[in-house]
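Here the structure comes first, spelled out in structure tokens, and everything after it is commentary.
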Amino acid sequence: MTLDGTKVLVLAADLFEDSELLYPVLRLTEEGAEVTTVSVDGSAVHGKKGHGPFPVDAAIDEVAEADFAGLVIPGGFAPDALRRSEAVLDLVRAFDTADKPIAFICHAGWVPISAGIIRGRTATSFTAIKDDMVNAGCEWVDEPVVIDGNLISSRHPGDLGPWMRALIPALGGSVS
């Protein structure tokens, strides 16, 4: 089973970790998903390693949780900018309330922290934000992928394969 017709939302901002945005977008598209990438203001974004400008499809206030099956939050330093937007945090909370998959990797744990959805959950992240995760009430573990309900977390670019192999079935697809 592929993800034909499944709509997935990807959050983006400047200084995203290049592979953590590009790989999920390409991998989900390869599976047939309709991927929509948004930034806070609808402007193209640039990766911290120089990729870009990466075009986005819309601004955050032009999308709604009801239109998507899942949410992907790439890491890098972009999550620090994303979590400063109340519209982003409201959207993340809406995905969580709807029990839809929220996949985040590396520093992207900052967004669920700021959205207030990590307390009492188990997740992983890049070790640099381990204390942030723990202080937000998360049980942090050092594993390639952690699934806690609708949250799918991963540590770093080296875990992209296992992270996508966890997300695709959560969206209704299958992994060969």
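Just remember, in the structure tokens the first chain shown is A, the second B, etc., residues are 1-based per chain, and ligands are 1-based in the order shown.
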What parts of region 65-159 of chain A does DSSP call alpha helix (DSSP H)? I'd like the answer as a count of residues only.
29
Proximity of region 35-148 of chain A to region 154-173 of chain A: per-residue shortest pair, 9 Å limit, only C-alpha atoms, as JSON lines:
{"residue": "A:Ala69", "atom": "CA", "partner": "A:Leu171", "partner_atom": "CA", "distance": 6.5}
{"residue": "A:Gly70", "atom": "CA", "partner": "A:Leu171", "partner_atom": "CA", "distance": 6.7}
{"residue": "A:Gly75", "atom": "CA", "partner": "A:His156", "partner_atom": "CA", "distance": 8.1}
{"residue": "A:Lys100", "atom": "CA", "partner": "A:Leu171", "partner_atom": "CA", "distance": 8.4}
{"residue": "A:Pro101", "atom": "CA", "partner": "A:Ala170", "partner_atom": "CA", "distance": 6.5}
{"residue": "A:Ile102", "atom": "CA", "partner": "A:Leu167", "partner_atom": "CA", "distance": 8.6}
{"residue": "A:Ala103", "atom": "CA", "partner": "A:Leu167", "partner_atom": "CA", "distance": 6.9}
{"residue": "A:Phe104", "atom": "CA", "partner": "A:Ser154", "partner_atom": "CA", "distance": 6.6}
{"residue": "A:Ile105", "atom": "CA", "partner": "A:Ser154", "partner_atom": "CA", "distance": 4.6}
{"residue": "A:Cys106", "atom": "CA", "partner": "A:Arg155", "partner_atom": "CA", "distance": 4.7}
{"residue": "A:His107", "atom": "CA", "partner": "A:Arg155", "partner_atom": "CA", "distance": 8.2}
{"residue": "A:Ala123", "atom": "CA", "partner": "A:Ser154", "partner_atom": "CA", "distance": 7.8}
{"residue": "A:Thr124", "atom": "CA", "partner": "A:Ser154", "partner_atom": "CA", "distance": 5.6}
{"residue": "A:Ser125", "atom": "CA", "partner": "A:Arg155", "partner_atom": "CA", "distance": 4.2}
{"residue": "A:Phe126", "atom": "CA", "partner": "A:Arg155", "partner_atom": "CA", "distance": 4.6}
{"residue": "A:Thr127", "atom": "CA", "partner": "A:Arg155", "partner_atom": "CA", "distance": 7.5}
{"residue": "A:Asp142", "atom": "CA", "partner": "A:Arg155", "partner_atom": "CA", "distance": 7.6}
{"residue": "A:Glu143", "atom": "CA", "partner": "A:Arg155", "partner_atom": "CA", "distance": 7.3}
{"residue": "A:Pro144", "atom": "CA", "partner": "A:Ser154", "partner_atom": "CA", "distance": 5.5}
{"residue": "A:Val145", "atom": "CA", "partner": "A:Ser154", "partner_atom": "CA", "distance": 4.6}
{"residue": "A:Val146", "atom": "CA", "partner": "A:Ser154", "partner_atom": "CA", "distance": 6.5}
{"residue": "A:Ile147", "atom": "CA", "partner": "A:Ala166", "partner_atom": "CA", "distance": 7.9}
Option closest in space to Ala58 (chain A), from A:Ile117, A:Val111, A:Ala12, A:Ala81 [counting only C-alpha atoms]
A:Ala12
In region 34-142 of chain A, what's strand (DSSP E or B) per DSSP? Answer as a VMD selection string?
chain A and resid 34 to 39 45 47 54 58 to 59 70 to 73 76 102 to 105 122 to 123 139 to 140
If I take CA of Val45 (chain A) and CA of Asp131 (chain A), how far is one from the other in Å, to one decimal?
28.1 Å
Quick one: everything within 9 Å of Arg121 (chain A), counting only C-alpha atoms, minus sequence neighbours fewer than 5 positions away in the same chain. Send it as a list in words.
Gly137, Cys138, Glu139, Trp140, Asp148, Gly149 and Leu151 of chain A
Mind dumping the selected residues with C-alpha atoms as an mmCIF file, in the first residue's frame?
data_model
loop_
_atom_site.group_PDB
_atom_site.id
_atom_site.type_symbol
_atom_site.label_atom_id
_atom_site.label_comp_id
_atom_site.auth_asym_id
_atom_site.auth_seq_id
_atom_site.Cartn_x
_atom_site.Cartn_y
_atom_site.Cartn_z
ATOM 1 C CA GLY A 137 8.352 16.708 31.198
ATOM 2 C CA CYS A 138 9.367 14.223 28.521
ATOM 3 C CA GLU A 139 10.923 10.848 29.221
ATOM 4 C CA TRP A 140 13.935 11.161 26.910
ATOM 5 C CA ASP A 148 4.618 7.363 21.636
ATOM 6 C CA GLY A 149 1.044 7.428 20.420
ATOM 7 C CA LEU A 151 4.469 11.261 18.187
#
Find the residues around Pro112 (chain A) up to 8 Å (only C-alpha atoms counted), leave out those fewer than 6 positions away in its own chain, and share them as JSON, numbers by chain.
{"A": [89, 92, 118]}
So which residues touch region 15-20 of chain A within 7 Å, counting only C-alpha atoms, skipping near sequence neighbours fewer than 3 positions away, as a PyMOL selection string?
chain A and resi 12+23-24+46-49+51+74-78+157
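Shortest separation to Glu65 (chain A) among A:Leu91, A:Ala136, A:Ala13, A:Leu82 occurs at residue A:Leu91, atoms counted being only C-alpha atoms.
Across A:Thr29, A:Ser174, A:Thr37, A:Thr122, the tightest approach to Val72 (chain A) is made by A:Thr37 when counting only C-alpha atoms.
Interatomic distance, CA of Arg27 (chain A) against CA of Ala98 (chain A): 24.1 Å.
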